[in-house]
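For reference, the structure discussed in these notes is given below.
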Amino acid sequence: MKIAEILHPQPLFVEIAPDRLLARRGDYGVEVPLERGPAGGLTAPAKEKAVATLKDFLKAKTWQPRVRAWCAITARGVSLRRLSLPPGTKEEFHERLLLQIEAEFPLPPDEMAWGFQTLGQAHPGNGAMARQDVLVAAVKKDLVLEFYEILRASGAEPAFTLASTARWNFAGQPANSFAMLDIGTSQSELTIFENSVPATSRIVFWDGTNPGSLPDAQLEILAQTIKGNLAGRRLLVSGNRISKEFTERLERSLGNGCRCEPLESTSATGNSTAISGLEKSVAEAGSPALVIRLQPTSVSTASLASLDWKTWAPRVGALVAAVLLLPYAEALLLKPHLEKKVAAFKAESERLTVIDRELDFLSNLKLSQPPYLDVLYVFSKSVSPGTRLDSLSLNSHGQVSLRCAFRDGQQVADFRNKLIESGFFTNVVVEEQVPTPDRQRVNVRMSAQEKTAAEMQIASARLAVNDSSKTEKSSPAGARPPAPPFAPGMGGEPQ
Amino acid sequence: MSRLQTMTDREKRLVRLAGIGIAIYLALFGGFELWKSFDKRRADYQQLVQEAKDLRQQTLPYQDKVLLVKKLMEDFHMDPAKLKKETVVSEASAAIQQAAKSDGLQIGPIRESPAHGSSLTLATMQLESSGQVPAALAFLASLNSIGFPLVVDSVQFTADNSRPGQVKMNLTIFILDFAQQKGPKEAAHA
């Protein structure tokens, strides 16, 4: 069995006649006689027998989804209305439809099983908004509820449709106006179609047990009962043992120009024209065009009431046991895998210490790099023109010392102020300031202490901002500042 | 068989009840033992899961650390794991001299002294050179990226009176030892 067949079991096709239930699934079929009580409902033994027969026929597995049962019902108790509604969203349309059903049918929608089928596209009215035609079929809920329960108890999920529309589908969906007559053993069903849509449907109580050898008088009774609706129409006749000869005799009995044609399906157990029509519509479109459903509220109530605890108790028990045992199963199943992963990770963790060491080393190396170039840059920006630097010493402890010659004491003071204002240095000390004998220059020995790395970073950033703004104003981008003016004749003023 | 056949109904019931009792005892005892075994396995598994979670927490910061290490290695053009203690000093010395030459500096005397005891440095180099100021600055800048762990401990610029336009530069350079590195330290002058 394929997985698709397990998940979507083959559908069951059912025709519910007054005295029997025909069911067909695939190549097999079954026929269940129905015994009715005085009130018209099925007797309890008949229900039990139907459930047992269908269960045996379906052989449904409890773990499989329910089998979809498409059921064709007779016209008994079915009301048909053709309604015209303004289109809208799905919810709006449904609300309007409910209101219309409430107005058109004798029972409220909650007390009926009903369904609808849209007819063509929405068409515009006379200057008004467009309207959508729908065909609504409704039946008193009690008439289908007992079959719904039988089929549910058998392991199927039933949905209902009209047998007449199924037969119409089997006949090749003939267009225009015509009629269909289904001959049954105790009652027959006559449906008049207007433009391919069932307009009226009625039950004709007439004994059709053996249509092949009916006396003319009995056939005449049938013809007189139905001929009023059939003048000049085409009549498709279906039913058990309906032959060409029967339709010719019926045509003669009618005598009103009505053309009678037999509608024959393959002779097999559980087969009928309605079932063949259902099979055809499901194969072509997935479902019949008109599906009559029981309202969900009543369905859920019925489901809870008829919950089979013998079936469900073990399932609930199994589920609880699974929930309780799942942590232990997880431990048993996943532990070896997790152990392997943890062991592999621990083996790899050696690399983490290498990463730590490398990071420490490289971070330390970066922090240990003294900012000599930044300091030299500050010096180059701070010296005045004409200054001569004799020597400059810097070390990694941040100590700076220099010897240089300025023009006068004012330049010395300016240089010192600029160094302090740069934010790079603290303790800028002029250790010695000696004028040359000719009073043209002042030899100076200075020392300073660099600030902390963090403070210097801030100062460096501020300096970069100032420089970039000045550079944009005065010179092309990327111009480098002058180098420190080492004597003699290096960068600064010549001696 | 004959003994069983001669047993009375009362005796048969007694034997049956005794059998059921023993079966229940064995089932309970075996079930309890089985339950204990499963429970222990589950506890072990939970412990393992916790260990795995801890390890995961432990490794999370390493995603950032790896990125940082990669960036620093790119900045310094250096992979510390590939440095060999035996050859790093000679290779670093050669690279320094090569960098000085390529920047246009004339190299003077070079003195190397080995590290002392537990020092984090492998060696100290003293290098004298002379040249144009821009060349000296370029050389100083390039020392960070020649592919060896160097720290310039001190630098001294002196005007070269004999050659106008040139400057003498004395450098003291530490070559760091990766193998001795244990943890980050404060910057020397911070």
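Quick note on naming: the chains in the structure tokens go A, B, ... in the order shown, residues restart at 1 in each chain, and ligands are numbered from 1 in order of appearance.
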If we count only C-alpha atoms and set the cut-off at 9 Å, which residues sit around B:Leu140, ignoring sequence neighbours fewer than 3 positions away in its own chain? Please answer as a compact mmCIF listing (two decimals) with N, CA and C atoms, in the first residue's frame.
# COMPACT_ATOMS: atom_id res chain seq x y z
N TYR A 372 55.29 57.18 19.65
CA TYR A 372 56.37 58.12 19.30
C TYR A 372 55.97 59.05 18.16
N LEU A 373 55.33 58.49 17.15
CA LEU A 373 55.01 59.31 15.98
C LEU A 373 54.03 60.42 16.34
N ALA B 100 65.31 49.32 7.66
CA ALA B 100 66.06 50.58 7.74
C ALA B 100 66.68 50.91 6.38
N ALA B 135 62.82 59.69 6.40
CA ALA B 135 63.21 58.28 6.35
C ALA B 135 63.20 57.68 7.76
N ALA B 136 63.70 58.49 8.73
CA ALA B 136 63.72 58.00 10.11
C ALA B 136 62.31 57.76 10.63
N LEU B 137 61.40 58.68 10.31
CA LEU B 137 60.01 58.53 10.78
C LEU B 137 59.33 57.34 10.11
N LEU B 143 58.27 49.68 11.98
CA LEU B 143 58.68 48.64 12.93
C LEU B 143 57.50 47.85 13.49
N ASN B 144 56.31 48.47 13.47
CA ASN B 144 55.11 47.78 13.99
C ASN B 144 54.65 46.66 13.09
N VAL B 152 59.67 49.41 20.77
CA VAL B 152 60.76 50.40 20.80
C VAL B 152 60.76 51.03 22.19
Quick one: residues within 12 Å of stretch 344-346 of chain A, only C-alpha atoms counted, chain neighbours fewer than 4 positions away excluded, as a compact mmCIF listing (two decimals) with N, CA and C atoms, in the first residue's frame?
# COMPACT_ATOMS: atom_id res chain seq x y z
N HIS A 337 25.31 10.11 21.24
CA HIS A 337 25.61 11.17 20.28
C HIS A 337 26.16 12.41 20.99
N LEU A 338 25.51 12.76 22.10
CA LEU A 338 25.94 13.95 22.85
C LEU A 338 27.31 13.73 23.47
N GLU A 339 27.53 12.51 23.96
CA GLU A 339 28.83 12.19 24.55
C GLU A 339 29.95 12.39 23.54
N LYS A 340 29.71 11.91 22.32
CA LYS A 340 30.72 12.06 21.26
C LYS A 340 31.00 13.52 21.00
N GLU A 350 41.71 22.69 23.54
CA GLU A 350 43.12 23.10 23.61
C GLU A 350 43.34 24.36 22.79
N ARG A 351 42.61 24.41 21.70
CA ARG A 351 42.79 25.55 20.79
C ARG A 351 42.32 26.85 21.44
N LEU A 352 41.38 26.72 22.38
CA LEU A 352 40.87 27.93 23.03
C LEU A 352 41.97 28.60 23.85
N THR A 353 42.79 27.78 24.52
CA THR A 353 43.88 28.37 25.32
C THR A 353 44.89 29.05 24.39
N GLU B 51 26.50 20.03 30.91
CA GLU B 51 27.92 20.21 30.57
C GLU B 51 28.07 20.81 29.17
N ALA B 52 27.26 20.28 28.26
CA ALA B 52 27.29 20.79 26.88
C ALA B 52 26.87 22.26 26.83
N LYS B 53 25.86 22.59 27.64
CA LYS B 53 25.41 23.99 27.67
C LYS B 53 26.51 24.89 28.22
N ASP B 54 27.18 24.41 29.29
CA ASP B 54 28.27 25.20 29.88
C ASP B 54 29.38 25.43 28.87
N LEU B 55 29.70 24.34 28.15
CA LEU B 55 30.76 24.45 27.14
C LEU B 55 30.38 25.46 26.06
N ARG B 56 29.11 25.43 25.72
CA ARG B 56 28.63 26.36 24.70
C ARG B 56 28.76 27.80 25.20
N GLN B 58 30.80 28.78 27.36
CA GLN B 58 32.23 29.08 27.45
C GLN B 58 32.81 29.50 26.10
N THR B 59 32.30 28.91 25.05
CA THR B 59 32.87 29.19 23.73
C THR B 59 32.27 30.42 23.05
Checklist entry - atom CA of B:Glu128 and atom CA of B:Pro109, how far apart in Å? => result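 Atom CA of B:Glu128 lies at a distance of 5.6 Å from atom CA of B:Pro109.
One distance worth recording is that between atom CA of A:Lys140 and atom CA of A:Ile192, which is 21.4 Å.
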Next on the checklist: If we count only C-alpha atoms and set the cut-off at 6 Å, which residues sit around A:Glu432, ignoring sequence neighbours fewer than 2 positions away in its own chain? Please answer as a count of residues only.
Outcome noted: 3
Checklist entry - For chain A against chain B, which residues fall within 9 Å using only C-alpha atoms, given as JSON, numbers by chain? => result {"A": [327, 328, 329, 330, 331, 332, 334, 335, 338, 339, 341, 342, 345, 346, 349, 352, 354, 355, 356, 357, 358, 359, 360, 361, 362, 363, 364, 365, 366, 367, 368, 369, 370, 372, 373, 376, 389, 390, 391, 392, 393, 394, 395, 396, 397, 398, 399, 450, 451, 452, 453, 454, 483, 484, 486, 487, 488, 489, 490, 491]}
Next on the checklist: Can you pull out the residues contacting stretch 198-203 of chain A? Cut-off 7 Å, using only C-alpha atoms, and skip same-chain residues under 3 positions away; I want them as a list in words.
Outcome noted: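 The filter keeps Ala75, Arg76, Leu80, Gln187, Ser188, Glu189, Leu190, Thr191, Ile192, Phe193 and Glu194 of chain A.
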Long-range neighbours of A:Met446 as an mmCIF file with C-alpha atoms, in the first residue's frame, 6 Å cut-off, only C-alpha atoms, 5 positions minimum in chain:
data_model
loop_
_atom_site.group_PDB
_atom_site.id
_atom_site.type_symbol
_atom_site.label_atom_id
_atom_site.label_comp_id
_atom_site.auth_asym_id
_atom_site.auth_seq_id
_atom_site.Cartn_x
_atom_site.Cartn_y
_atom_site.Cartn_z
ATOM 1 C CA SER A 401 63.672 65.368 27.019
ATOM 2 C CA LEU A 402 64.960 67.783 24.417
ATOM 3 C CA VAL A 429 59.574 71.663 32.608
ATOM 4 C CA VAL A 430 62.124 74.091 31.166
ATOM 5 C CA GLU A 431 65.100 72.751 33.041
#
Item to check | Å distance separating atom CA of A:Leu99 from atom CA of A:Leu83, one decimal place | outcome: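 These atoms are spaced 11.3 Å apart.
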Next on the checklist: Using DSSP assignments from the backbone, pull out every residue in stretch 22-266 of chain A that falls under strand (DSSP E) and give it to me as a PyMOL selection string.
Outcome noted: chain A and resi 22-25+28-33+67-73+78-85+112-124+130-140+156-162+178-183+187-194+197-205+234-239+259-262
Item to check | Test item, alpha helix (DSSP H) assignment across chain B, answer as a VMD selection string | outcome: chain B and resid 2 to 5 9 to 76 88 to 102 133 to 142
Item to check | Shortest interatomic distance to B:Ile107 - which of B:Ile173, B:Val89, B:Leu127, B:Leu60, counting only C-alpha atoms | outcome: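 Once distances to B:Ile107 are computed over only C-alpha atoms, the minimum belongs to B:Leu127.
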